file protein-v1.cif (mmCIF, C-alpha atoms and all ligand atoms)
data_coords
loop_
_atom_site.label_atom_id
_atom_site.label_comp_id
_atom_site.auth_asym_id
_atom_site.auth_seq_id
_atom_site.Cartn_x
_atom_site.Cartn_y
_atom_site.Cartn_z
CA MET A 179 90.06 111.72 67.66
CA SER A 180 93.41 113.46 67.14
CA GLU A 181 96.59 112.90 69.13
CA ALA A 182 95.80 116.15 70.93
CA THR A 183 92.44 115.07 72.19
CA ARG A 184 93.92 111.71 73.15
CA ASP A 185 96.50 113.42 75.38
CA ILE A 186 93.74 115.35 77.13
CA GLU A 187 91.59 112.22 77.46
CA ALA A 188 94.55 110.34 78.94
CA LEU A 189 95.06 113.12 81.48
CA ILE A 190 91.38 113.08 82.46
CA GLU A 191 91.53 109.32 82.92
CA LEU A 192 94.57 109.56 85.19
CA MET A 193 92.98 112.37 87.21
CA ALA A 194 89.75 110.39 87.60
CA ARG A 195 91.71 107.70 89.47
CA LEU A 196 92.48 110.08 92.32
CA PRO A 197 90.43 109.55 95.45
CA GLY A 198 87.72 112.19 95.70
CA LEU A 199 87.55 112.84 91.94
CA GLY A 200 85.13 111.01 89.66
CA PRO A 201 85.10 111.25 85.85
CA ARG A 202 83.00 114.42 85.92
CA SER A 203 85.12 116.32 88.42
CA ALA A 204 88.28 115.07 86.68
CA ARG A 205 87.01 116.65 83.44
CA ARG A 206 86.26 119.91 85.26
CA ALA A 207 89.67 119.88 86.93
CA VAL A 208 91.46 119.27 83.62
CA LEU A 209 89.50 122.06 81.90
CA HIS A 210 90.42 124.37 84.75
CA LEU A 211 94.06 123.33 84.43
CA ILE A 212 94.04 123.94 80.69
CA LYS A 213 92.55 127.39 81.17
CA LYS A 214 95.25 128.17 83.75
CA ARG A 215 98.00 126.22 82.02
CA GLY A 216 100.60 128.91 82.61
CA GLN A 217 99.99 129.71 86.27
CA VAL A 218 98.72 126.37 87.58
CA MET A 219 99.18 123.39 85.26
CA GLY A 220 102.88 123.80 84.54
CA PRO A 221 103.84 124.32 88.21
CA LEU A 222 101.58 121.43 89.25
CA ALA A 223 103.19 119.06 86.73
CA GLU A 224 106.60 120.11 87.99
CA ALA A 225 105.70 119.77 91.69
CA MET A 226 104.29 116.33 90.97
CA ALA A 227 107.40 115.19 89.11
CA THR A 228 109.61 116.47 91.96
CA VAL A 229 107.63 114.65 94.63
CA ALA A 230 107.29 111.50 92.50
CA ALA A 231 111.08 111.38 92.18
CA SER A 232 111.89 112.16 95.81
CA ALA A 233 109.12 110.94 98.13
CA ARG A 234 109.64 107.80 100.15
CA GLU A 235 108.41 106.12 103.31
CA CYS A 236 110.45 106.51 106.49
CA ALA A 237 112.13 103.18 107.20
CA THR A 238 111.48 103.64 110.92
CA CYS A 239 107.95 104.99 111.30
CA GLY A 240 106.28 104.87 107.86
CA ASN A 241 105.83 108.64 107.62
CA ILE A 242 106.36 110.15 104.18
CA GLY A 243 109.30 112.40 103.43
CA THR A 244 112.17 112.51 101.01
CA ALA A 245 114.86 110.85 103.11
CA ASP A 246 115.19 107.24 104.24
CA ILE A 247 114.53 108.42 107.79
CA CYS A 248 111.92 111.17 108.21
CA ASP A 249 112.34 114.58 109.87
CA ILE A 250 110.50 113.48 112.99
CA CYS A 251 112.56 110.33 113.50
CA ARG A 252 115.77 112.32 112.93
CA ASP A 253 114.82 115.04 115.42
CA ASP A 254 116.36 114.15 118.82
CA ARG A 255 114.00 116.51 120.63
CA ARG A 256 111.18 114.14 119.66
CA ALA A 257 112.72 111.21 121.55
CA THR A 258 110.25 111.83 124.37
CA GLY A 259 109.64 108.17 125.15
CA GLU A 260 106.20 108.41 123.55
CA ILE A 261 105.01 106.77 120.33
CA CYS A 262 101.70 107.68 118.76
CA VAL A 263 100.27 104.85 116.66
CA VAL A 264 98.16 105.91 113.68
CA GLU A 265 96.51 104.03 110.85
CA ASP A 266 97.61 106.26 108.03
CA VAL A 267 100.04 109.06 107.13
CA ALA A 268 97.01 111.37 106.77
CA ASP A 269 96.31 110.78 110.47
CA LEU A 270 99.94 111.55 111.34
CA TRP A 271 99.65 114.82 109.43
CA ALA A 272 96.40 115.62 111.25
CA MET A 273 98.16 115.03 114.62
CA GLU A 274 101.05 117.27 113.53
CA ARG A 275 98.64 120.02 112.55
CA GLY A 276 97.31 119.83 116.11
CA GLN A 277 100.86 120.67 117.34
CA ALA A 278 100.11 119.03 120.68
CA PHE A 279 102.11 115.81 120.37
CA LYS A 280 105.86 116.09 120.79
CA GLY A 281 106.91 112.44 120.45
CA ARG A 282 107.31 110.08 117.51
CA TYR A 283 104.91 108.05 115.42
CA HIS A 284 104.27 104.62 114.08
CA VAL A 285 102.16 104.36 110.94
CA LEU A 286 100.39 101.01 110.67
CA GLY A 287 99.18 101.52 107.11
CA GLY A 288 95.78 100.02 107.95
CA THR A 289 93.98 98.02 110.61
CA LEU A 290 93.73 94.36 111.47
CA SER A 291 90.94 92.85 109.43
CA ALA A 292 89.85 89.23 109.43
CA LEU A 293 87.72 89.90 106.36
CA ASP A 294 90.60 91.30 104.31
CA ALA A 295 93.12 88.89 105.87
CA VAL A 296 95.25 91.68 107.31
CA GLY A 297 97.35 90.29 110.18
CA PRO A 298 99.75 91.91 112.68
CA GLU A 299 102.78 91.36 110.38
CA ASP A 300 101.08 93.19 107.52
CA LEU A 301 100.82 96.25 109.78
CA GLY A 302 104.37 96.07 111.11
CA ILE A 303 103.15 95.42 114.65
CA PRO A 304 106.16 93.18 115.47
CA LYS A 305 108.36 96.08 114.33
CA LEU A 306 106.41 98.45 116.59
CA LEU A 307 107.06 96.15 119.55
CA THR A 308 110.80 96.10 118.71
CA ARG A 309 110.83 99.91 118.50
CA ILE A 310 109.08 100.21 121.87
CA ARG A 311 111.85 98.12 123.43
CA ASP A 312 114.80 99.63 121.54
CA GLU A 313 113.74 103.28 121.90
CA SER A 314 112.83 102.79 125.61
CA ILE A 315 109.28 103.96 125.07
CA GLY A 316 107.24 104.60 128.24
CA GLU A 317 103.88 105.40 126.65
CA VAL A 318 102.09 104.25 123.52
CA ILE A 319 99.22 106.52 122.46
CA LEU A 320 96.77 104.73 120.21
CA ALA A 321 95.25 107.30 117.83
CA LEU A 322 93.24 104.82 115.81
CA ASN A 323 89.89 105.48 114.21
CA ALA A 324 86.77 104.66 116.21
CA THR A 325 85.78 101.92 113.77
CA VAL A 326 85.36 98.24 114.65
CA ASP A 327 88.65 97.34 112.93
CA GLY A 328 90.42 100.33 114.50
CA GLN A 329 89.31 99.28 117.96
CA THR A 330 90.21 95.61 117.33
CA THR A 331 93.69 96.76 116.36
CA ALA A 332 93.95 98.98 119.46
CA HIS A 333 93.02 96.04 121.71
CA TYR A 334 95.50 93.76 119.97
CA ILE A 335 98.35 96.21 120.57
CA ALA A 336 97.26 96.84 124.16
CA ASP A 337 97.23 93.06 124.79
CA ALA A 338 100.67 92.64 123.23
CA LEU A 339 102.06 95.27 125.62
CA GLU A 340 100.35 93.84 128.70
CA GLY A 341 102.87 93.25 131.48
CA THR A 342 105.71 95.20 129.78
CA GLY A 343 105.17 98.23 132.01
CA VAL A 344 104.54 100.43 128.97
CA ALA A 345 101.52 102.71 129.45
CA VAL A 346 98.95 102.30 126.68
CA THR A 347 96.54 105.18 126.23
CA SER A 348 94.14 106.33 123.57
CA LEU A 349 92.78 109.70 122.47
CA ALA A 350 89.80 110.88 124.52
CA GLN A 351 86.44 110.55 122.84
CA GLY A 352 83.91 113.32 123.15
CA VAL A 353 82.23 116.31 121.59
CA PRO A 354 84.56 118.14 119.16
CA ILE A 355 85.34 121.76 120.04
CA GLY A 356 82.61 123.82 118.43
CA GLY A 357 80.69 120.64 117.60
CA GLU A 358 76.92 120.88 117.65
CA LEU A 359 75.24 118.00 119.44
CA ASP A 360 72.57 117.88 116.79
CA TYR A 361 75.15 116.93 114.15
CA LEU A 362 76.98 114.26 116.15
CA ASP A 363 76.37 110.55 115.80
CA ASP A 364 74.85 108.70 118.72
CA GLY A 365 78.08 106.84 119.55
CA THR A 366 79.97 110.10 120.10
CA ILE A 367 77.25 111.48 122.34
CA GLN A 368 77.23 108.26 124.36
CA ALA A 369 81.03 108.29 124.70
CA ALA A 370 81.02 111.96 125.70
CA LEU A 371 78.36 111.29 128.34
CA ARG A 372 80.24 108.31 129.79
CA ALA A 373 83.44 110.39 130.00
CA ARG A 374 81.67 113.43 131.46
CA LYS A 375 83.66 115.62 133.86
CA ARG A 376 82.67 117.60 136.91
CA LEU A 377 83.08 121.35 136.30
CA MET B 97 110.15 121.45 108.14
CA SER B 98 112.66 120.00 105.70
CA GLU B 99 112.92 120.76 101.98
CA ALA B 100 111.24 117.39 101.43
CA THR B 101 108.15 118.19 103.42
CA ARG B 102 108.00 121.61 101.81
CA ASP B 103 107.84 120.01 98.34
CA ILE B 104 104.96 117.82 99.44
CA GLU B 105 103.19 120.77 101.09
CA ALA B 106 103.61 122.82 97.91
CA LEU B 107 102.07 120.00 95.87
CA ILE B 108 99.11 119.73 98.27
CA GLU B 109 98.54 123.47 98.02
CA LEU B 110 98.52 123.38 94.22
CA MET B 111 96.18 120.38 94.18
CA ALA B 112 93.81 122.10 96.64
CA ARG B 113 93.25 124.86 94.07
CA LEU B 114 91.58 122.43 91.67
CA PRO B 115 87.80 122.70 91.49
CA GLY B 116 86.21 119.85 93.43
CA LEU B 117 89.19 119.33 95.74
CA GLY B 118 89.48 121.08 99.10
CA PRO B 119 92.55 120.97 101.37
CA ARG B 120 91.48 117.66 102.90
CA SER B 121 90.87 115.82 99.65
CA ALA B 122 94.02 117.36 98.18
CA ARG B 123 96.02 115.81 101.05
CA ARG B 124 94.34 112.43 100.48
CA ALA B 125 95.00 112.67 96.74
CA VAL B 126 98.68 113.51 97.28
CA LEU B 127 99.12 110.66 99.77
CA HIS B 128 97.52 108.32 97.25
CA LEU B 129 99.84 109.64 94.55
CA ILE B 130 102.89 109.16 96.75
CA LYS B 131 101.88 105.59 97.53
CA LYS B 132 101.44 104.91 93.81
CA ARG B 133 104.30 107.11 92.69
CA GLY B 134 105.57 104.59 90.14
CA GLN B 135 102.29 103.64 88.44
CA VAL B 136 100.26 106.84 88.82
CA MET B 137 102.18 109.91 89.93
CA GLY B 138 104.97 109.79 87.37
CA PRO B 139 102.61 109.23 84.41
CA LEU B 140 100.23 111.90 85.73
CA ALA B 141 103.03 114.47 86.02
CA GLU B 142 104.09 113.63 82.48
CA ALA B 143 100.57 113.77 81.04
CA MET B 144 100.06 117.13 82.72
CA ALA B 145 103.30 118.56 81.37
CA THR B 146 102.39 117.33 77.85
CA VAL B 147 98.93 118.89 77.94
CA ALA B 148 100.22 122.10 79.58
CA ALA B 149 102.67 122.48 76.72
CA SER B 150 100.29 121.63 73.89
CA ALA B 151 96.71 122.55 74.80
CA ARG B 152 95.15 125.65 73.30
CA GLU B 153 91.77 127.07 72.47
CA CYS B 154 90.46 126.70 68.92
CA ALA B 155 90.62 130.12 67.24
CA THR B 156 87.31 129.46 65.54
CA CYS B 157 85.01 127.85 68.11
CA GLY B 158 86.77 128.01 71.49
CA ASN B 159 86.97 124.22 71.88
CA ILE B 160 90.16 122.89 73.47
CA GLY B 161 92.65 120.90 71.47
CA THR B 162 96.30 121.06 70.60
CA ALA B 163 96.10 122.81 67.24
CA ASP B 164 95.12 126.39 66.42
CA ILE B 165 91.96 125.03 64.81
CA CYS B 166 90.29 122.09 66.58
CA ASP B 167 89.45 118.65 65.13
CA ILE B 168 85.78 119.50 64.78
CA CYS B 169 86.36 122.76 62.93
CA ARG B 170 88.86 121.03 60.62
CA ASP B 171 86.51 118.12 59.83
CA ASP B 172 84.63 118.97 56.60
CA ARG B 173 81.95 116.40 57.36
CA ARG B 174 80.90 118.62 60.25
CA ALA B 175 80.08 121.56 57.99
CA THR B 176 76.39 120.66 58.24
CA GLY B 177 75.18 124.23 58.41
CA GLU B 178 74.40 123.81 62.12
CA ILE B 179 76.16 125.50 65.02
CA CYS B 180 75.52 124.43 68.60
CA VAL B 181 76.15 127.25 71.08
CA VAL B 182 77.38 126.17 74.51
CA GLU B 183 78.53 128.06 77.60
CA ASP B 184 81.62 126.01 78.33
CA VAL B 185 83.98 123.44 76.82
CA ALA B 186 82.65 120.94 79.39
CA ASP B 187 79.21 121.32 77.77
CA LEU B 188 80.73 120.78 74.31
CA TRP B 189 82.33 117.57 75.58
CA ALA B 190 78.99 116.48 77.07
CA MET B 191 77.29 117.05 73.69
CA GLU B 192 80.03 115.06 71.94
CA ARG B 193 79.59 112.17 74.37
CA GLY B 194 75.94 112.15 73.33
CA GLN B 195 77.12 111.49 69.71
CA ALA B 196 73.87 112.93 68.38
CA PHE B 197 75.07 116.29 67.05
CA LYS B 198 76.98 116.25 63.78
CA GLY B 199 77.61 119.98 63.27
CA ARG B 200 80.02 122.46 64.77
CA TYR B 201 80.13 124.42 68.00
CA HIS B 202 80.57 127.87 69.41
CA VAL B 203 81.82 128.10 73.00
CA LEU B 204 80.75 131.34 74.67
CA GLY B 205 82.91 130.88 77.76
CA GLY B 206 80.12 132.12 80.02
CA THR B 207 76.77 133.87 79.93
CA LEU B 208 75.66 137.46 79.73
CA SER B 209 75.53 138.88 83.22
CA ALA B 210 74.62 142.41 84.21
CA LEU B 211 75.86 141.71 87.73
CA ASP B 212 79.33 140.59 86.60
CA ALA B 213 79.37 143.13 83.72
CA VAL B 214 79.70 140.42 81.06
CA GLY B 215 78.53 141.81 77.73
CA PRO B 216 78.08 140.27 74.25
CA GLU B 217 81.66 141.12 73.19
CA ASP B 218 83.11 139.30 76.21
CA LEU B 219 81.36 136.15 75.00
CA GLY B 220 82.39 136.51 71.35
CA ILE B 221 78.78 136.91 70.24
CA PRO B 222 79.73 139.33 67.41
CA LYS B 223 82.17 136.64 66.23
CA LEU B 224 79.39 134.06 66.38
CA LEU B 225 77.23 136.27 64.15
CA THR B 226 80.12 136.59 61.68
CA ARG B 227 80.58 132.81 61.66
CA ILE B 228 76.87 132.27 61.04
CA ARG B 229 77.11 134.46 57.94
CA ASP B 230 80.50 133.23 56.66
CA GLU B 231 79.83 129.52 57.20
CA SER B 232 76.29 129.79 55.73
CA ILE B 233 74.69 128.40 58.86
CA GLY B 234 71.02 127.51 58.60
CA GLU B 235 70.33 126.52 62.22
CA VAL B 236 71.69 127.68 65.55
CA ILE B 237 71.00 125.28 68.41
CA LEU B 238 71.23 126.99 71.78
CA ALA B 239 72.41 124.40 74.33
CA LEU B 240 72.67 126.83 77.23
CA ASN B 241 72.01 126.02 80.85
CA ALA B 242 68.49 126.53 82.17
CA THR B 243 69.65 129.29 84.51
CA VAL B 244 68.41 132.89 84.43
CA ASP B 245 71.69 134.09 82.84
CA GLY B 246 71.71 131.17 80.39
CA GLN B 247 68.19 132.00 79.26
CA THR B 248 68.96 135.74 79.02
CA THR B 249 71.89 134.87 76.76
CA ALA B 250 69.72 132.56 74.66
CA HIS B 251 67.15 135.33 74.14
CA TYR B 252 69.86 137.84 73.27
CA ILE B 253 71.26 135.55 70.54
CA ALA B 254 67.77 134.72 69.24
CA ASP B 255 66.97 138.44 69.01
CA ALA B 256 70.24 139.16 67.20
CA LEU B 257 69.33 136.55 64.58
CA GLU B 258 65.74 137.71 64.14
CA GLY B 259 64.99 138.37 60.48
CA THR B 260 68.17 136.70 59.16
CA GLY B 261 66.28 133.55 58.16
CA VAL B 262 68.51 131.43 60.44
CA ALA B 263 66.48 128.94 62.50
CA VAL B 264 67.16 129.29 66.22
CA THR B 265 66.30 126.26 68.34
CA SER B 266 67.09 125.07 71.83
CA LEU B 267 67.40 121.67 73.47
CA ALA B 268 64.09 120.19 74.60
CA GLN B 269 63.43 120.37 78.31
CA GLY B 270 61.87 117.41 80.07
CA VAL B 271 62.35 114.36 82.21
CA PRO B 272 65.83 112.80 81.74
CA ILE B 273 65.87 109.22 80.46
CA GLY B 274 65.68 107.01 83.54
CA GLY B 275 64.96 110.07 85.66
CA GLU B 276 62.72 109.55 88.66
CA LEU B 277 60.09 112.25 89.05
CA ASP B 278 60.60 112.26 92.77
CA TYR B 279 64.18 113.49 92.31
CA LEU B 280 63.46 116.22 89.75
CA ASP B 281 63.13 119.88 90.59
CA ASP B 282 59.75 121.52 90.14
CA GLY B 283 60.86 123.57 87.14
CA THR B 284 61.79 120.44 85.18
CA ILE B 285 58.46 118.79 85.95
CA GLN B 286 56.59 121.94 84.90
CA ALA B 287 58.59 122.17 81.65
CA ALA B 288 58.02 118.48 80.92
CA LEU B 289 54.30 118.86 81.50
CA ARG B 290 54.04 121.91 79.24
CA ALA B 291 55.92 120.07 76.47
CA ARG B 292 53.92 116.86 76.88
CA LYS B 293 53.33 114.71 73.79
CA ARG B 294 50.45 112.52 72.69
CA LEU B 295 51.46 108.84 72.60
ZN ZN C 401 110.00 108.42 110.66
ZN ZN C 402 86.98 124.61 66.72
#
call {"tool": "encode", "arguments": {"input": "protein-v1.cif", "output": "structure tokens"}}
result
Amino acid sequence: MSEATRDIEALIELMARLPGLGPRSARRAVLHLIKKRGQVMGPLAEAMATVAASARECATCGNIGTADICDICRDDRRATGEICVVEDVADLWAMERGQAFKGRYHVLGGTLSALDAVGPEDLGIPKLLTRIRDESIGEVILALNATVDGQTTAHYIADALEGTGVAVTSLAQGVPIGGELDYLDDGTIQAALRARKRL
Amino acid sequence: MSEATRDIEALIELMARLPGLGPRSARRAVLHLIKKRGQVMGPLAEAMATVAASARECATCGNIGTADICDICRDDRRATGEICVVEDVADLWAMERGQAFKGRYHVLGGTLSALDAVGPEDLGIPKLLTRIRDESIGEVILALNATVDGQTTAHYIADALEGTGVAVTSLAQGVPIGGELDYLDDGTIQAALRARKRL
């Protein structure tokens, strides 16, 4: 195998480590990139180098940006007294795409897990409690996943805020807009039925 | 949206154009890269830039390497008088992983298709015929996909070589090693039955 082929093999191996790509799709992606090396591969390499050099986690909320404090934490209009707690930056981005939430975030970076020995400190929950006090937060919206660990984490945070006067809410569960009942899991249907509303 | 976020958005958009990644998995991949920016993202950007600058198609066979003529075409031990015809470089790589074929390749870059107006010249079939003559090839192994277009292309090449004395063969069809009948399509089972062997 020549140097050349080794470079390509090395690239495939690095690509195959990305979530969502296995060895086979990494090979296909690299072939595609090589075919479009002018229009796609060069710009992609450059964009990646730029982001690799500049991206960092917001020291306040854990969001990803290129400054020590992220756009949302720097924006005074978002000091609404509300903090939305999410597990992951991907969830924060999903909330932002929804364009419905006007407050700030706190990214836990995971959920409490006895099995994986993840405790409140690992998730920055003490820091969240400090923020709630310092930023005079009136409402904490828990936008955690509807998994066992997500719900354990939600209850832990709710308990920690008991008696502080801070409202703790969570996203409503129900049928997604445009969702077909036939494709929903039983838990969602049950939750939607329990939360049914009079028309 | 700050410059920062725009850089990240631009990277996600470029990643989402890769085959096998949609917008959602591109976001997940970019988040993963940002989290591992030291160990993964930097090296990946570098590997991509290296390959983008050096990769090219072999002028003889269409394989991808970093020289004008690929390793396989340069290797005299592979002048076995056999050419294996494949649709795509990915198929060539699959054959090489099998380590069973010792000859050289010809990458068509597609199949004949009346619908998409792909003719023999578009696939370099005249060039293949020239190679067969110039490299004194005795056997052409057609390793084309078992699709309608793949088989049309195989028949076209076989017809073009009729009367030249060159043996034209194709890969055997049958049950994959370790393949469970229950998971195979009907066509494969029919082909395997037709090609059955006495034990
Ligand atoms: Zn922030
Ligand atoms: Zn070659």
call {"tool": "closest_atom_pairs", "arguments": {"input": "protein-v1.cif", "of": "chain A", "to": "ligand ZN 401 (chain C)", "cutoff": "9 Å", "atoms": "all atoms listed in the file", "output": "JSON lines"}}
result
{"residue": "A:Glu235", "atom": "CA", "partner": "C:ZN401", "partner_atom": "ZN", "distance": 7.9}
{"residue": "A:Cys236", "atom": "CA", "partner": "C:ZN401", "partner_atom": "ZN", "distance": 4.6}
{"residue": "A:Ala237", "atom": "CA", "partner": "C:ZN401", "partner_atom": "ZN", "distance": 6.6}
{"residue": "A:Thr238", "atom": "CA", "partner": "C:ZN401", "partner_atom": "ZN", "distance": 5.0}
{"residue": "A:Cys239", "atom": "CA", "partner": "C:ZN401", "partner_atom": "ZN", "distance": 4.0}
{"residue": "A:Gly240", "atom": "CA", "partner": "C:ZN401", "partner_atom": "ZN", "distance": 5.9}
{"residue": "A:Asn241", "atom": "CA", "partner": "C:ZN401", "partner_atom": "ZN", "distance": 5.2}
{"residue": "A:Ile242", "atom": "CA", "partner": "C:ZN401", "partner_atom": "ZN", "distance": 7.6}
{"residue": "A:Gly243", "atom": "CA", "partner": "C:ZN401", "partner_atom": "ZN", "distance": 8.3}
{"residue": "A:Asp246", "atom": "CA", "partner": "C:ZN401", "partner_atom": "ZN", "distance": 8.3}
{"residue": "A:Ile247", "atom": "CA", "partner": "C:ZN401", "partner_atom": "ZN", "distance": 5.4}
{"residue": "A:Cys248", "atom": "CA", "partner": "C:ZN401", "partner_atom": "ZN", "distance": 4.2}
{"residue": "A:Asp249", "atom": "CA", "partner": "C:ZN401", "partner_atom": "ZN", "distance": 6.6}
{"residue": "A:Ile250", "atom": "CA", "partner": "C:ZN401", "partner_atom": "ZN", "distance": 5.6}
{"residue": "A:Cys251", "atom": "CA", "partner": "C:ZN401", "partner_atom": "ZN", "distance": 4.3}
{"residue": "A:Arg252", "atom": "CA", "partner": "C:ZN401", "partner_atom": "ZN", "distance": 7.3}
{"residue": "A:Arg282", "atom": "CA", "partner": "C:ZN401", "partner_atom": "ZN", "distance": 7.5}
{"residue": "A:Tyr283", "atom": "CA", "partner": "C:ZN401", "partner_atom": "ZN", "distance": 7.0}
{"residue": "A:His284", "atom": "CA", "partner": "C:ZN401", "partner_atom": "ZN", "distance": 7.7}
{"residue": "A:Val285", "atom": "CA", "partner": "C:ZN401", "partner_atom": "ZN", "distance": 8.8}
call {"tool": "interface_residues", "arguments": {"input": "protein-v1.cif", "of": "chain A", "to": "chain B", "cutoff": "8 Å", "atoms": "all atoms listed in the file", "output": "PyMOL selection string"}}
result
chain A and resi 179-180+182-183+185-186+188-189+192-193+196-199+203+205-207+209-212+215-216+218-220+222-234+243-245+249+267-268
call {"tool": "write_last_selection", "arguments": {"input": "protein-v1.cif", "atoms": "C-alpha atoms", "output": "PDB file, keeping the file's coordinate frame"}}
result
ATOM      1  CA  MET A 179      90.060 111.720  67.660  1.00  0.00           C
ATOM      2  CA  SER A 180      93.410 113.460  67.140  1.00  0.00           C
ATOM      3  CA  ALA A 182      95.800 116.150  70.930  1.00  0.00           C
ATOM      4  CA  THR A 183      92.440 115.070  72.190  1.00  0.00           C
ATOM      5  CA  ASP A 185      96.500 113.420  75.380  1.00  0.00           C
ATOM      6  CA  ILE A 186      93.740 115.350  77.130  1.00  0.00           C
ATOM      7  CA  ALA A 188      94.550 110.340  78.940  1.00  0.00           C
ATOM      8  CA  LEU A 189      95.060 113.120  81.480  1.00  0.00           C
ATOM      9  CA  LEU A 192      94.570 109.560  85.190  1.00  0.00           C
ATOM     10  CA  MET A 193      92.980 112.370  87.210  1.00  0.00           C
ATOM     11  CA  LEU A 196      92.480 110.080  92.320  1.00  0.00           C
ATOM     12  CA  PRO A 197      90.430 109.550  95.450  1.00  0.00           C
ATOM     13  CA  GLY A 198      87.720 112.190  95.700  1.00  0.00           C
ATOM     14  CA  LEU A 199      87.550 112.840  91.940  1.00  0.00           C
ATOM     15  CA  SER A 203      85.120 116.320  88.420  1.00  0.00           C
ATOM     16  CA  ARG A 205      87.010 116.650  83.440  1.00  0.00           C
ATOM     17  CA  ARG A 206      86.260 119.910  85.260  1.00  0.00           C
ATOM     18  CA  ALA A 207      89.670 119.880  86.930  1.00  0.00           C
ATOM     19  CA  LEU A 209      89.500 122.060  81.900  1.00  0.00           C
ATOM     20  CA  HIS A 210      90.420 124.370  84.750  1.00  0.00           C
ATOM     21  CA  LEU A 211      94.060 123.330  84.430  1.00  0.00           C
ATOM     22  CA  ILE A 212      94.040 123.940  80.690  1.00  0.00           C
ATOM     23  CA  ARG A 215      98.000 126.220  82.020  1.00  0.00           C
ATOM     24  CA  GLY A 216     100.600 128.910  82.610  1.00  0.00           C
ATOM     25  CA  VAL A 218      98.720 126.370  87.580  1.00  0.00           C
ATOM     26  CA  MET A 219      99.180 123.390  85.260  1.00  0.00           C
ATOM     27  CA  GLY A 220     102.880 123.800  84.540  1.00  0.00           C
ATOM     28  CA  LEU A 222     101.580 121.430  89.250  1.00  0.00           C
ATOM     29  CA  ALA A 223     103.190 119.060  86.730  1.00  0.00           C
ATOM     30  CA  GLU A 224     106.600 120.110  87.990  1.00  0.00           C
ATOM     31  CA  ALA A 225     105.700 119.770  91.690  1.00  0.00           C
ATOM     32  CA  MET A 226     104.290 116.330  90.970  1.00  0.00           C
ATOM     33  CA  ALA A 227     107.400 115.190  89.110  1.00  0.00           C
ATOM     34  CA  THR A 228     109.610 116.470  91.960  1.00  0.00           C
ATOM     35  CA  VAL A 229     107.630 114.650  94.630  1.00  0.00           C
ATOM     36  CA  ALA A 230     107.290 111.500  92.500  1.00  0.00           C
ATOM     37  CA  ALA A 231     111.080 111.380  92.180  1.00  0.00           C
ATOM     38  CA  SER A 232     111.890 112.160  95.810  1.00  0.00           C
ATOM     39  CA  ALA A 233     109.120 110.940  98.130  1.00  0.00           C
ATOM     40  CA  ARG A 234     109.640 107.800 100.150  1.00  0.00           C
ATOM     41  CA  GLY A 243     109.300 112.400 103.430  1.00  0.00           C
ATOM     42  CA  THR A 244     112.170 112.510 101.010  1.00  0.00           C
ATOM     43  CA  ALA A 245     114.860 110.850 103.110  1.00  0.00           C
ATOM     44  CA  ASP A 249     112.340 114.580 109.870  1.00  0.00           C
ATOM     45  CA  VAL A 267     100.040 109.060 107.130  1.00  0.00           C
ATOM     46  CA  ALA A 268      97.010 111.370 106.770  1.00  0.00           C
TER      47      ALA A 268
END
call {"tool": "closest_residue", "arguments": {"input": "protein-v1.cif", "among": "B:Arg227, B:Gln135, B:Glu235, B:Thr207", "to": "ligand ZN 402 (chain C)", "atoms": "all atoms listed in the file"}}
result
B:Arg227
call {"tool": "atom_distance", "arguments": {"input": "protein-v1.cif", "atom1": "CA of Pro298 in chain A", "atom2": "CA of Leu286 in chain A"}}
result
9.3 Å
call {"tool": "closest_residue", "arguments": {"input": "protein-v1.cif", "among": "B:Leu280, B:Leu188, B:Leu289, B:Ala239", "to": "ligand ZN 402 (chain C)", "atoms": "only C-alpha atoms and all ligand atoms"}}
result
B:Leu188
call {"tool": "atom_distance", "arguments": {"input": "protein-v1.cif", "atom1": "CA of Thr325 in chain A", "atom2": "CA of Arg376 in chain A"}}
result
28.1 Å
call {"tool": "residues_around", "arguments": {"input": "protein-v1.cif", "residues": "Val264 in chain B", "least_positions_apart": "2", "cutoff": "8 Å", "atoms": "all atoms listed in the file", "output": "MDAnalysis selection string"}}
result
chainID B and resid 235:238 254 257 262 266
call {"tool": "atom_distance", "arguments": {"input": "protein-v1.cif", "atom1": "CA of Gly281 in chain A", "atom2": "CA of Arg256 in chain A"}}
result
4.7 Å
call {"tool": "closest_residue", "arguments": {"input": "protein-v1.cif", "among": "B:Asp212, B:Glu183, B:Asp218, B:Asp171", "to": "ligand ZN 402 (chain C)", "atoms": "all atoms listed in the file"}}
result
B:Asp171
call {"tool": "closest_residue", "arguments": {"input": "protein-v1.cif", "among": "B:Leu225, B:Ala288, B:Cys180, B:Ala112", "to": "ligand ZN 402 (chain C)", "atoms": "all atoms listed in the file"}}
result
B:Cys180
call {"tool": "residues_around", "arguments": {"input": "protein-v1.cif", "residues": "Ala292 in chain A", "least_positions_apart": "4", "cutoff": "9 Å", "atoms": "all atoms listed in the file", "output": "list in words"}}
result
Val296, Gly297 and Asp327 of chain A
call {"tool": "closest_residue", "arguments": {"input": "protein-v1.cif", "among": "A:Ala278, A:Ile315, A:Ala324, A:Ala257", "to": "Asp363 in chain A", "atoms": "all atoms listed in the file"}}
result
A:Ala324
